[in-house]
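Chemist: What follows is structure19.cif, made up of mmCIF, C-alpha atoms and all ligand atoms:
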data_model
#
loop_
_atom_site.label_atom_id
_atom_site.label_comp_id
_atom_site.auth_asym_id
_atom_site.auth_seq_id
_atom_site.Cartn_x
_atom_site.Cartn_y
_atom_site.Cartn_z
CA MET A 23 19.27 8.91 11.33
CA ALA A 24 20.91 8.75 7.93
CA THR A 25 24.23 10.20 6.92
CA TYR A 26 25.57 9.94 3.41
CA ASN A 27 27.82 7.08 4.56
CA ASN A 28 25.22 4.85 6.16
CA ILE A 29 22.13 5.95 4.34
CA PHE A 30 20.11 2.71 4.64
CA SER A 31 21.50 1.21 7.85
CA PHE A 32 18.10 0.59 9.42
CA PRO A 33 16.04 -2.46 8.31
CA ALA A 34 12.83 -1.01 6.88
CA ILE A 35 9.46 -2.58 6.19
CA ASP A 36 7.74 -1.56 2.98
CA ILE A 37 3.98 -2.00 3.04
CA HIS A 38 3.32 -1.16 -0.63
CA GLY A 39 4.97 -3.17 -3.38
CA HIS A 40 4.03 -5.19 -6.44
CA PHE A 41 5.39 -7.79 -8.81
CA GLY A 42 4.53 -8.85 -12.33
CA LYS A 43 3.98 -7.19 -15.68
CA ASN A 44 3.41 -3.44 -15.85
CA CYS A 45 0.67 -3.34 -18.48
CA PRO A 46 -2.22 -1.10 -17.31
CA PHE A 47 -3.43 -0.44 -20.87
CA GLY A 48 -3.39 -3.94 -22.35
CA ARG A 49 -1.66 -7.31 -22.05
CA ASN A 50 0.25 -6.64 -25.25
CA THR A 51 1.31 -3.11 -24.37
CA GLU A 52 3.66 -3.76 -21.48
CA ARG A 53 5.42 -0.61 -20.37
CA PRO A 54 9.19 -0.53 -20.92
CA PHE A 55 9.80 -0.03 -17.19
CA GLY A 56 8.40 -1.20 -13.89
CA SER A 57 7.87 -4.91 -14.57
CA ALA A 58 9.60 -7.33 -12.21
CA GLU A 59 9.31 -10.96 -11.25
CA PRO A 60 9.23 -11.73 -7.51
CA SER A 61 12.95 -12.62 -7.52
CA LYS A 62 13.78 -9.20 -8.95
CA VAL A 63 11.66 -7.45 -6.28
CA VAL A 64 13.54 -9.42 -3.63
CA GLU A 65 16.87 -8.38 -5.15
CA ILE A 66 15.84 -4.71 -5.03
CA VAL A 67 14.61 -4.70 -1.45
CA ARG A 68 17.66 -6.59 -0.18
CA LYS A 69 19.92 -4.03 -1.80
CA PHE A 70 18.28 -1.17 0.10
CA ASN A 71 17.91 -2.94 3.45
CA ILE A 72 14.17 -3.45 3.32
CA SER A 73 13.61 -6.61 5.33
CA LYS A 74 9.99 -7.23 4.31
CA ILE A 75 7.72 -5.91 1.59
CA ILE A 76 3.99 -6.55 1.23
CA VAL A 77 3.23 -7.05 -2.44
CA SER A 78 0.17 -7.32 -4.62
CA PRO A 79 0.33 -8.95 -8.05
CA MET A 80 0.04 -6.62 -11.03
CA GLU A 81 -1.78 -9.47 -12.75
CA SER A 82 -4.71 -8.78 -10.38
CA LEU A 83 -4.74 -5.05 -11.28
CA PHE A 84 -3.72 -4.86 -14.93
CA PRO A 85 -4.90 -4.37 -17.59
CA PHE A 86 -7.39 -1.86 -16.19
CA GLY A 87 -10.87 -3.38 -16.32
CA ASP A 88 -9.62 -6.74 -17.52
CA ALA A 89 -7.37 -8.16 -14.80
CA ASP A 90 -7.57 -11.78 -13.71
CA VAL A 91 -7.81 -11.03 -10.00
CA VAL A 92 -8.16 -14.61 -8.76
CA LYS A 93 -5.30 -15.95 -10.87
CA GLY A 94 -3.00 -13.11 -9.81
CA ASN A 95 -3.70 -13.82 -6.14
CA ILE A 96 -2.74 -17.45 -6.66
CA SER A 97 0.65 -16.45 -8.11
CA ALA A 98 1.14 -14.05 -5.21
CA ALA A 99 0.51 -16.77 -2.63
CA GLN A 100 3.12 -18.88 -4.38
CA ALA A 101 5.63 -16.02 -4.57
CA VAL A 102 5.38 -15.24 -0.84
CA ALA A 103 5.70 -18.93 0.04
CA GLU A 104 9.00 -19.01 -1.87
CA ASN A 105 10.55 -15.73 -0.66
CA ILE A 106 10.90 -14.81 3.02
CA GLU A 107 11.14 -11.11 2.18
CA LEU A 108 7.63 -11.07 0.69
CA ARG A 109 4.21 -10.79 2.28
CA GLN A 110 0.91 -10.69 0.42
CA TRP A 111 -1.91 -8.27 -0.15
CA VAL A 112 -4.86 -10.29 -1.43
CA VAL A 113 -6.52 -8.23 -4.16
CA VAL A 114 -10.30 -7.89 -3.96
CA ASP A 115 -12.40 -6.58 -6.84
CA PRO A 116 -16.12 -6.07 -6.12
CA ASN A 117 -16.78 -6.64 -9.83
CA GLN A 118 -15.29 -10.15 -9.44
CA PRO A 119 -17.21 -11.51 -6.43
CA ALA A 120 -15.13 -14.72 -6.40
CA SER A 121 -12.25 -12.61 -5.10
CA TYR A 122 -14.07 -12.05 -1.76
CA LYS A 123 -14.31 -15.77 -1.15
CA GLN A 124 -10.74 -16.32 -2.22
CA ALA A 125 -9.58 -13.57 0.17
CA VAL A 126 -11.27 -15.21 3.15
CA GLU A 127 -9.43 -18.47 2.37
CA MET A 128 -6.06 -16.86 1.63
CA LEU A 129 -6.13 -14.67 4.72
CA LYS A 130 -5.96 -17.78 6.89
CA ASN A 131 -2.30 -17.88 5.86
CA LYS A 132 -0.14 -15.76 8.14
CA ASN A 133 1.81 -14.41 5.16
CA ALA A 134 -1.31 -12.59 3.99
CA ALA A 135 -1.48 -9.11 5.52
CA GLY A 136 -4.90 -7.93 4.37
CA ILE A 137 -6.72 -6.90 1.21
CA LYS A 138 -5.77 -4.46 -1.50
CA ILE A 139 -8.42 -2.58 -3.47
CA HIS A 140 -7.97 -0.39 -6.54
CA PRO A 141 -11.05 1.52 -7.76
CA VAL A 142 -9.21 2.92 -10.81
CA ALA A 143 -7.80 -0.39 -12.06
CA HIS A 144 -11.07 -2.21 -11.43
CA ILE A 145 -13.19 0.65 -12.76
CA TYR A 146 -15.64 1.61 -10.03
CA ASP A 147 -16.19 4.56 -7.74
CA ILE A 148 -15.54 3.94 -4.06
CA LYS A 149 -18.68 5.92 -3.25
CA ASP A 150 -20.71 3.17 -4.99
CA LYS A 151 -18.87 0.06 -3.79
CA GLY A 152 -17.47 1.18 -0.45
CA ALA A 153 -20.35 -0.07 1.71
CA GLU A 154 -20.03 -3.57 0.26
CA ILE A 155 -16.23 -3.72 0.49
CA PHE A 156 -15.91 -2.25 3.96
CA SER A 157 -18.70 -4.28 5.53
CA PHE A 158 -16.77 -7.33 4.27
CA ALA A 159 -13.57 -5.93 5.79
CA GLN A 160 -15.31 -5.16 9.07
CA GLU A 161 -16.80 -8.65 9.27
CA HIS A 162 -13.36 -10.23 8.88
CA ASN A 163 -11.39 -7.62 10.87
CA LEU A 164 -9.18 -6.77 7.93
CA ILE A 165 -6.51 -4.25 7.14
CA VAL A 166 -7.31 -2.66 3.77
CA LEU A 167 -4.79 -0.96 1.50
CA THR A 168 -6.43 1.17 -1.16
CA HIS A 169 -5.15 3.08 -4.11
CA SER A 170 -6.25 6.68 -3.56
CA GLY A 171 -5.93 10.17 -4.94
CA ASP A 172 -7.86 9.94 -8.22
CA ALA A 173 -11.41 11.09 -8.88
CA GLN A 174 -12.88 7.61 -8.21
CA SER A 175 -10.78 7.18 -5.09
CA LEU A 176 -10.62 10.54 -3.33
CA PRO A 177 -9.27 10.20 0.21
CA GLN A 178 -12.25 12.04 1.69
CA ASP A 179 -14.68 9.58 0.06
CA PHE A 180 -13.29 6.75 2.20
CA VAL A 181 -13.82 8.54 5.50
CA PRO A 182 -17.56 7.76 5.97
CA PHE A 183 -16.81 4.03 5.58
CA ALA A 184 -13.92 4.10 8.06
CA ASN A 185 -16.23 5.91 10.46
CA ASP A 186 -19.08 3.43 9.94
CA PHE A 187 -16.86 0.35 10.33
CA PRO A 188 -14.50 0.95 13.25
CA ASN A 189 -13.02 -2.58 13.26
CA LEU A 190 -11.30 -2.20 9.95
CA LYS A 191 -8.02 -0.45 9.45
CA LEU A 192 -7.66 1.50 6.23
CA ILE A 193 -4.40 2.60 4.62
CA LEU A 194 -4.79 5.30 1.98
CA ALA A 195 -1.95 4.84 -0.48
CA HIS A 196 -0.01 7.60 -2.23
CA LEU A 197 0.37 10.52 0.18
CA GLY A 198 0.19 13.79 -1.78
CA SER A 199 -1.45 12.30 -4.85
CA SER A 200 -4.46 14.36 -5.97
CA PRO A 201 -6.47 15.29 -9.08
CA ASN A 202 -5.63 18.92 -8.32
CA GLU A 203 -2.91 20.88 -6.55
CA ASP A 204 -4.12 20.03 -3.05
CA ARG A 205 -1.44 17.68 -1.67
CA MET A 206 -3.01 17.29 1.77
CA LEU A 207 -6.10 15.24 0.85
CA HIS A 208 -4.78 12.13 2.61
CA VAL A 209 -3.79 14.08 5.69
CA ARG A 210 -7.23 15.66 5.90
CA ALA A 211 -8.90 12.25 5.63
CA VAL A 212 -6.90 11.04 8.64
CA GLU A 213 -7.93 14.16 10.53
CA MET A 214 -11.59 13.48 9.67
CA SER A 215 -11.46 9.91 10.93
CA ARG A 216 -13.50 9.40 14.08
CA HIS A 217 -11.96 6.14 15.26
CA GLY A 218 -8.31 6.69 14.39
CA ASN A 219 -8.48 3.79 11.91
CA ILE A 220 -7.17 5.62 8.83
CA TYR A 221 -3.48 5.56 7.91
CA VAL A 222 -1.53 6.82 4.89
CA ASP A 223 1.41 5.37 3.00
CA THR A 224 4.23 7.33 1.38
CA SER A 225 4.23 5.51 -1.97
CA SER A 226 3.74 8.46 -4.28
CA ALA A 227 5.81 10.44 -6.72
CA MET A 228 4.33 13.58 -5.16
CA ASN A 229 6.13 12.98 -1.88
CA ILE A 230 9.30 14.32 -3.49
CA LEU A 231 7.82 17.80 -3.20
CA PRO A 232 9.28 19.67 -0.26
CA ASP A 233 7.25 19.75 2.97
CA ILE A 234 4.74 17.02 2.04
CA VAL A 235 6.05 14.38 4.46
CA GLU A 236 7.01 17.05 6.97
CA ASN A 237 3.56 18.68 7.01
CA ALA A 238 1.90 15.28 7.25
CA VAL A 239 3.92 14.44 10.38
CA LYS A 240 3.16 17.85 11.84
CA ARG A 241 -0.58 17.51 11.32
CA ILE A 242 -1.40 13.84 11.95
CA GLY A 243 1.72 12.58 13.72
CA SER A 244 4.11 9.88 12.52
CA ASP A 245 2.01 7.06 14.05
CA LYS A 246 -0.41 7.27 11.13
CA ILE A 247 2.19 7.16 8.35
CA LEU A 248 3.67 4.00 6.82
CA PHE A 249 6.55 3.61 4.41
CA GLY A 250 5.50 2.40 0.98
CA SER A 251 7.67 2.53 -2.13
CA ASP A 252 5.46 1.15 -4.91
CA THR A 253 8.45 -1.01 -5.93
CA PRO A 254 9.05 -1.92 -8.76
CA LEU A 255 6.99 0.90 -10.28
CA TYR A 256 9.08 3.57 -8.57
CA PHE A 257 12.81 3.82 -7.86
CA THR A 258 13.06 2.22 -4.41
CA PRO A 259 16.10 4.04 -2.95
CA MET A 260 14.62 7.39 -3.87
CA GLN A 261 11.44 6.56 -1.97
CA ARG A 262 13.46 5.44 1.00
CA ALA A 263 15.79 8.45 0.89
CA ARG A 264 12.78 10.78 1.01
CA ILE A 265 12.04 9.49 4.52
CA GLU A 266 15.68 9.14 5.61
CA PHE A 267 16.38 12.79 4.83
CA ALA A 268 13.00 14.25 5.75
CA ASN A 269 13.08 17.19 8.09
CA ILE A 270 11.51 15.22 10.94
CA ALA A 271 12.81 13.60 14.12
CA ASP A 272 14.73 10.31 13.97
CA ALA A 273 12.08 8.68 16.15
CA ASP A 274 9.45 9.60 13.53
CA LYS A 275 11.59 8.12 10.76
CA ARG A 276 11.90 4.83 12.64
CA LYS A 277 8.16 4.69 13.15
CA ILE A 278 7.42 5.40 9.49
CA LEU A 279 10.08 3.06 8.14
CA ARG A 280 9.36 0.08 10.38
CA GLU A 281 7.80 0.36 13.82
CA ASN A 282 4.29 1.39 12.75
CA ALA A 283 4.10 -1.58 10.38
CA ILE A 284 5.05 -4.03 13.13
CA LYS A 285 2.47 -2.49 15.44
CA LEU A 286 -0.28 -2.53 12.82
CA PHE A 287 0.29 -5.96 11.27
CA GLY A 288 1.31 -7.89 14.38
CA ASP A 289 3.03 -11.20 13.62
CA VAL A 290 2.67 -10.98 9.83
CA PHE A 291 6.40 -10.25 9.55
CA ASN A 292 7.59 -13.12 11.76
CA ASP A 293 9.37 -15.86 9.83
ZN ZN A 301 0.82 0.47 -5.99
#
With the file now loaded, output its structure as structure tokens.
Modeler:
Amino acid sequence: MATYNNIFSFPAIDIHGHFGKNCPFGRNTERPFGSAEPSKVVEIVRKFNISKIIVSPMESLFPFGDADVVKGNISAAQAVAENIELRQWVVVDPNQPASYKQAVEMLKNKNAAGIKIHPVAHIYDIKDKGAEIFSFAQEHNLIVLTHSGDAQSLPQDFVPFANDFPNLKLILAHLGSSPNEDRMLHVRAVEMSRHGNIYVDTSSAMNILPDIVENAVKRIGSDKILFGSDTPLYFTPMQRARIEFANIADADKRKILRENAIKLFGDVFND
């Protein structure tokens, strides 16, 4: 698909972005990189021909264990209302039960794509809270994006919930991310899924290793893989180039970069 002259000619959809202040370890210890207001995120995605990006507010995730989830979701709703490039993940934290109620209300808006969960940022183990979160998701027919790849969020630990609740669709973020050297944890989780309702996104730094994306396509097929960049935390064109120049068929690249998202999210991307 890509040549060096027309590298980003195809309008992509990015299902994993953020906006706000990058301060996982305290409100007063903002990292010197990775923060961006919504307007800056829009500027980045426009530059690299990403037509839509689904964002969650860093305010709802950071600082770890002390984020104001509800307030962050309110700023996200405002940001997506003001920018046609943006769509919203509503962040849910089982330790802040008000966020469930808020999600039900916010998801009535067609700009809201589903819920985002983050066991590491919100300090719980998915094994303990999964039943509660996923029965909520099942009840409301939701798409769930989860951080995954750390000890509290191992891809395989999500599989029993996806199998128990076939209505929900689960996207495991960060293909290749792992507490050890095993880069295929996400791929294996998709293989273990009984109802075909587990997907992975490409928003990791590990995907720059050779063969990660390629082996994933070989084993689970491109239909289960969605482009995510983790903008503005990662360098967006590098994430996109990893797919553009992957050693896979052009048809697979189109699915990963756009078509799978349209199929999965339906009319969320219509203006
Ligand atoms: Zn992220």
Chemist: I need the residue nearest ligand ZN 301 (chain A) from this list: A:His40, A:His144, A:Lys151, A:Lys130. Use all atoms listed in the file for the distance.
Modeler: A:His40
Chemist: What does the list of residues within 10 Å of ligand ZN 301 (chain A) look like if you count all atoms listed in the file, written as a ChimeraX atom specification?
Modeler: /A:37-41,77-80,83,138,140,167-170,195-196,225-226,250-256
Chemist: Interatomic distance between CA of Ser157 in chain A and CA of Ala99 in chain A?
Modeler: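 Spanning CA of Ser157 in chain A to CA of Ala99 in chain A is a straight-line distance of 24.3 Å.
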Chemist: Considering all atoms listed in the file, can you say which of A:Ser215, A:Asn292, A:Ser175, A:Asn133 comes closest to Ser199 in chain A?
Modeler: A:Ser175
Chemist: What's the separation between CA of Asp274 in chain A and CA of Gln178 in chain A, in Å to one decimal place?
Modeler: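 Interatomic distance here is 24.8 Å.
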Chemist: Quick check, in Å to one decimal: how far apart do CA of Ile66 in chain A and CA of Asp36 in chain A lie?
Modeler: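 Answer for the CA of Ile66 in chain A to CA of Asp36 in chain A separation: 11.8 Å.
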Chemist: So that I can see what lies close to Ile165 in chain A, please list as a list in words the residues with an atom at most 9 Å from it, counting all atoms listed in the file and leaving out residues fewer than 4 positions away in the same chain.
Modeler: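 So, after excluding close chain neighbours, the residues are Ala135, Gly136, Ile137, Lys138, Ala159, Leu190, Lys191, Leu192, Ile193, Leu286 and Phe287 of chain A.
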Chemist: Using only C-alpha atoms, please write the residues we just selected to a file, as a compact mmCIF listing (two decimals), in the frame of the given file.
Modeler:
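Heads up, here's the output in part27.txt:
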# COMPACT_ATOMS: atom_id res chain seq x y z
CA ALA A 135 -1.48 -9.11 5.52
CA GLY A 136 -4.90 -7.93 4.37
CA ILE A 137 -6.72 -6.90 1.21
CA LYS A 138 -5.77 -4.46 -1.50
CA ALA A 159 -13.57 -5.93 5.79
CA LEU A 190 -11.30 -2.20 9.95
CA LYS A 191 -8.02 -0.45 9.45
CA LEU A 192 -7.66 1.50 6.23
CA ILE A 193 -4.40 2.60 4.62
CA LEU A 286 -0.28 -2.53 12.82
CA PHE A 287 0.29 -5.96 11.27
Chemist: What are the closest atom pairs, with distances in Å to one decimal, for each residue of range 115-225 of chain A lying within 12 Å of range 89-98 of chain A, using all atoms listed in the file, rows by chain and rising residue number, as a Markdown table?
Modeler:
| residue | atom | partner | partner_atom | distance |
| --- | --- | --- | --- | --- |
| A:Asp115 | CA | A:Val91 | CA | 7.1 |
| A:Pro116 | CA | A:Val91 | CA | 10.4 |
| A:Asn117 | CA | A:Val91 | CA | 10.0 |
| A:Gln118 | CA | A:Val91 | CA | 7.6 |
| A:Pro119 | CA | A:Val92 | CA | 9.8 |
| A:Ala120 | CA | A:Val92 | CA | 7.4 |
| A:Ser121 | CA | A:Val92 | CA | 5.8 |
| A:Tyr122 | CA | A:Val92 | CA | 9.5 |
| A:Lys123 | CA | A:Val92 | CA | 9.9 |
| A:Gln124 | CA | A:Val92 | CA | 7.2 |
| A:Ala125 | CA | A:Asn95 | CA | 8.6 |
| A:Glu127 | CA | A:Asn95 | CA | 11.3 |
| A:Met128 | CA | A:Asn95 | CA | 8.7 |
| A:Leu129 | CA | A:Asn95 | CA | 11.2 |
| A:Asn133 | CA | A:Ala98 | CA | 10.4 |
| A:Ala134 | CA | A:Ala98 | CA | 9.6 |
| A:Ile137 | CA | A:Asn95 | CA | 10.5 |
| A:Lys138 | CA | A:Asn95 | CA | 10.7 |
| A:Ile139 | CA | A:Val91 | CA | 10.7 |
| A:His140 | CA | A:Val91 | CA | 11.2 |
| A:Val142 | CA | A:Ala89 | CA | 11.9 |
| A:Ala143 | CA | A:Ala89 | CA | 8.3 |
| A:His144 | CA | A:Ala89 | CA | 7.8 |
| A:Ile145 | CA | A:Ala89 | CA | 10.8 |
Chemist: Go ahead and fit an axis-aligned box to every listed atom of range 215-230 of chain A plus 5 Å each side, and pass me the centre and edge lengths in Å, one decimal, as lines of an AutoDock Vina configuration file.
Modeler:
center_x = -2.1
center_y = 9.1
center_z = 4.3
size_x = 32.8
size_y = 20.5
size_z = 32.0
Chemist: Here is a test: counting all atoms listed in the file, which residue of A:Asn237, A:Thr224, A:Gln100, A:Asn131 is nearest to Arg262 in chain A?
Modeler: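 That would be A:Thr224, the residue with the smallest distance to Arg262 in chain A.
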Chemist: Name the closest residue to Ala101 in chain A among the candidates A:Ser61, A:Gln160, A:Asn219, A:Asn44; distances are taken between atoms, counting only C-alpha atoms.
Modeler: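 With only C-alpha atoms as the atom set, the closest residue is A:Ser61.
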Chemist: Using all atoms listed in the file, pick whichever of A:Asp272, A:Asp147, A:Glu154, A:Glu81 has the shortest atom-to-atom distance to Phe187 in chain A.
Modeler: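 Smallest separation from Phe187 in chain A among the options: A:Glu154.
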Chemist: Compare A:Glu281, A:Ser31, A:Met214, A:Leu197 by their minimum atom-to-atom distance to Gln261 in chain A, counting all atoms listed in the file, and give me the closest one.
Modeler: A:Leu197
Chemist: Mind checking which residues fall within 10 Å of Leu176 in chain A, counting all atoms listed in the file, ignoring those fewer than 2 positions away in the same chain, and posting them as a list in words?
Modeler: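 Close residues of Leu176 in chain A: Asp147, Ile148, Lys149, His169, Ser170, Gly171, Asp172, Ala173, Gln174, Gln178, Asp179, Phe180, Val181, Leu194, Ser199, Ser200, Pro201, Leu207, His208 and Ala211 of chain A.
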Chemist: As a count of residues only, please: the residues near Glu236 in chain A (cut-off 7 Å, all atoms listed in the file, same-chain neighbours under 3 positions excluded).
Modeler: 6
Chemist: Which polymer residues, whether protein, DNA or RNA, lie within 12 Å of the coordinate (11.4, 5.0, 13.8) when you count all atoms listed in the file? List them as a list in words, using the chain letters and numbers from the file.
Modeler: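 Here the neighbourhood of the point contains Met23, Ala24, Phe32, Pro33, Ala34, Ile35, Ser244, Asp245, Ile247, Leu248, Phe249, Ile265, Glu266, Ile270, Ala271, Asp272, Ala273, Asp274, Lys275, Arg276, Lys277, Ile278, Leu279, Arg280, Glu281, Asn282, Ala283, Ile284 and Lys285 of chain A.
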Chemist: Which residues are near Cys45 in chain A? Cut-off 6 Å, only C-alpha atoms, ignore same chain within fewer than 6 positions. Put them as a ChimeraX atom specification.
Modeler: /A:51-53,84-85
